[in-house]
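Undergrad: First the structure, then my questions, so here it is.
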Amino acid sequence: MPFPNTVTSQRPLLLTLVVLLASGFLATSLLSYYASRTSIRDSIINTELPLTSDTVYSEIQKDLVRPVLISSMMSRDTFMRDWVVGGERNTGQMTRYLREVMDHYGAYTAFFISDATLTYYQAKGVLKKIRPGEVRDAWYYRVRDMSEPYEISVDPDMANQDSMTFFINYKVFDYENRFIGAAGVGLTVDAVIKLIDRYQQRYDRSVYFVDTTGRIVLTGASGGPQGAKIGQSLKDLPNLRDLQDKLPKPHSGTYEYKAEGEGHFLNVRFIPELNWYLFVDKQENSALSDVRQSLYINLVICLVVTLVVMLLLHRILRRYQQRLETQATLDSLTGLPNRRGFNLLAGNTLDSQSPLTVLLLDLDHFKHLNDTHGHLAGDTVLAGFAEDLRSCLRQSDVICRWGGEEFIILLRDSDLAGAQRVAEQIRLLAEGHDYSFSGVTLQVTVSVGLTERQGADNLQDLIARADRALYRAKLSGRNQVCIEQAVPA
């Protein structure tokens, strides 16, 4: 009898569970969305923007690490120190050295200033002499007198038509730790603008820099707030006009303003290395779009989880159905396959072309045992005999309870002589085995019919010959093995 389709019969339950699960996820996601919209202002002001500002600040420091390392290497270079200590005799040597630093590391500029001669050496040659009273040379004396080993500054590069450049100015000492000059490399402001554009794309914020006077000094390629250009003052922008007076000096803070009807959240951070303010600007609409995106992600997760749960339920029901089918193919008393299970196993066995023998077994006088001691005693004997059969067979052999007190065995890769030895082993084991039930010792013998597959034999042919052999064993006095050979065609 075919089994009912468990998945089909449980479909209403599956649909109900899926609807409940999806509804719960949907309700939770929507509640989370509206709660997020309510708290978004505090989240942006107190968490998002400060964190982005810190991250951008860290990124700026990281992007300046390489030129800092180059400058540090220059300050410790033995050639540079030996050349200075040796009296700076060959200017071309220093020029070539600085040019090689530029070419090898891709720096925009490289320089060295000797404290002994106050000569400004550059990759193109000697640039000038440093003078204490010169405003544009004040940075050198600042570097000479500072306690830190280096500084990062933004100044016009005299060697490159006064283009704004990030300089890493590193102090140089001789072997006795005496100050002998300053060396370093420069990074163009254009390169930093590209970095700002990268930050803006990565964090979806507007990023720009303002000096302590309120003048915009650095923006991305698209400009600053409301398209403002470098050099404009915050006072020139109507919506930021009052912000300059609020700027702490130096400090960090968060502000809000409106531009063209759109709310903006602004985080300001002072960067002492540059003496600038870092502005990180986020539009309110973009913040809400982030929350909406989170809602969509939650809904997708809801859908995925629902599908996974549905798949798991489907697999559980399939396993349950397979377990039912497995139980339907096993004999509950002996644990051996029944006829249904035997037909499934025998089909795979018959597909093989290897030798195959069939044993049909019947317990002798089993009806008398049942009538004398009861069916529970008979069940005990059947279960014990099944264990005896297992102990005599290989893992690859097929054994089942054929019905009542009959058993059938398929011996794979076994000829007639080998099968006869197995049959005799089973017969002798049954004959010598005592089965105990309620203090009574029970004994049984077994008759065996044996045959071997020949040619195009099918399962019915084999079972029929084994049954005839078993019948002869019964007629011949039981407790014996009889063989039925195939009749030659």
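By order of appearance in the structure tokens: chains A, B, ..., then residues from 1 within every chain, and ligands from 1 in the order shown.
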For stretch 214-217 of chain A, work out the shell of residues within 8 Å, counting only C-alpha atoms and skipping chain neighbours fewer than 6 positions away, then give it as a PDB file with N, CA and C atoms, in the first residue's frame.
TA:
ATOM      1  N   TYR A 208      35.317  68.333   4.655  1.00  0.00           N
ATOM      2  CA  TYR A 208      36.136  69.471   4.246  1.00  0.00           C
ATOM      3  C   TYR A 208      36.846  70.035   5.477  1.00  0.00           C
ATOM      4  N   GLY A 224      33.028  72.421  -1.146  1.00  0.00           N
ATOM      5  CA  GLY A 224      32.609  72.285   0.239  1.00  0.00           C
ATOM      6  C   GLY A 224      31.106  72.397   0.400  1.00  0.00           C
ATOM      7  N   LYS A 229      33.972  77.022  -2.450  1.00  0.00           N
ATOM      8  CA  LYS A 229      35.309  76.756  -2.946  1.00  0.00           C
ATOM      9  C   LYS A 229      36.349  77.053  -1.865  1.00  0.00           C
ATOM     10  N   ILE A 230      37.546  76.539  -2.102  1.00  0.00           N
ATOM     11  CA  ILE A 230      38.654  76.816  -1.189  1.00  0.00           C
ATOM     12  C   ILE A 230      38.912  78.318  -1.152  1.00  0.00           C
ATOM     13  N   GLY A 231      39.080  78.858   0.036  1.00  0.00           N
ATOM     14  CA  GLY A 231      39.326  80.284   0.216  1.00  0.00           C
ATOM     15  C   GLY A 231      38.107  81.044   0.713  1.00  0.00           C
ATOM     16  N   GLN A 232      36.909  80.481   0.490  1.00  0.00           N
ATOM     17  CA  GLN A 232      35.709  81.135   0.986  1.00  0.00           C
ATOM     18  C   GLN A 232      35.627  81.006   2.501  1.00  0.00           C
ATOM     19  N   SER A 233      34.992  82.002   3.112  1.00  0.00           N
ATOM     20  CA  SER A 233      34.802  81.992   4.564  1.00  0.00           C
ATOM     21  C   SER A 233      33.416  81.467   4.889  1.00  0.00           C
ATOM     22  N   LEU A 234      33.293  80.883   6.066  1.00  0.00           N
ATOM     23  CA  LEU A 234      31.975  80.426   6.502  1.00  0.00           C
ATOM     24  C   LEU A 234      30.977  81.579   6.537  1.00  0.00           C
ATOM     25  N   LYS A 235      31.473  82.788   6.762  1.00  0.00           N
ATOM     26  CA  LYS A 235      30.575  83.948   6.812  1.00  0.00           C
ATOM     27  C   LYS A 235      29.988  84.277   5.437  1.00  0.00           C
ATOM     28  N   GLN A 244      30.697  80.258  12.599  1.00  0.00           N
ATOM     29  CA  GLN A 244      32.076  80.603  12.946  1.00  0.00           C
ATOM     30  C   GLN A 244      32.191  81.094  14.380  1.00  0.00           C
TER      31      GLN A 244
END
Undergrad: Step one, run DSSP on the backbone; step two, keep only residues of stretch 351-404 of chain A assigned to helix (DSSP H, G or I); then write them as a count of residues only.
TA: 26
Undergrad: Taking 2 positions as the minimum chain separation for residues in the same chain, which residues sit within 6 Å of A:Asp364 when counting only C-alpha atoms? Answer as a ChimeraX atom specification.
TA: /A:366,445-446
Undergrad: Quick check, in Å to one decimal: how far apart do atom CA of A:Tyr277 and atom CA of A:Val135 lie?
TA: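 Atom CA of A:Val135 lies 23.7 Å from atom CA of A:Tyr277.
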Undergrad: Run DSSP on the backbone and grab whatever in stretch 54-266 of chain A lands in strand (DSSP E); send it over as a PyMOL selection string.
TA: chain A and resi 109-114+119-122+125-129+150-157+163-173+179-188+206-211+216-218+253-259+262-266
Undergrad: Counting only C-alpha atoms, which residue out of A:Gln122, A:Asn160, A:Thr91, A:Thr306 sits closest to A:Val18?
TA: A:Thr306
Undergrad: Name all residues at most 10 Å from A:Lys258 (count only C-alpha atoms; drop same-chain ones fewer than 2 positions away) and give them as a list in words.
TA: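 Here the qualifying residues turn out to be Pro238, Asn239, Leu240, Glu256, Glu260, Gly261, Glu262, Gly263, His264, Phe265, Gln283 and Glu284 of chain A.
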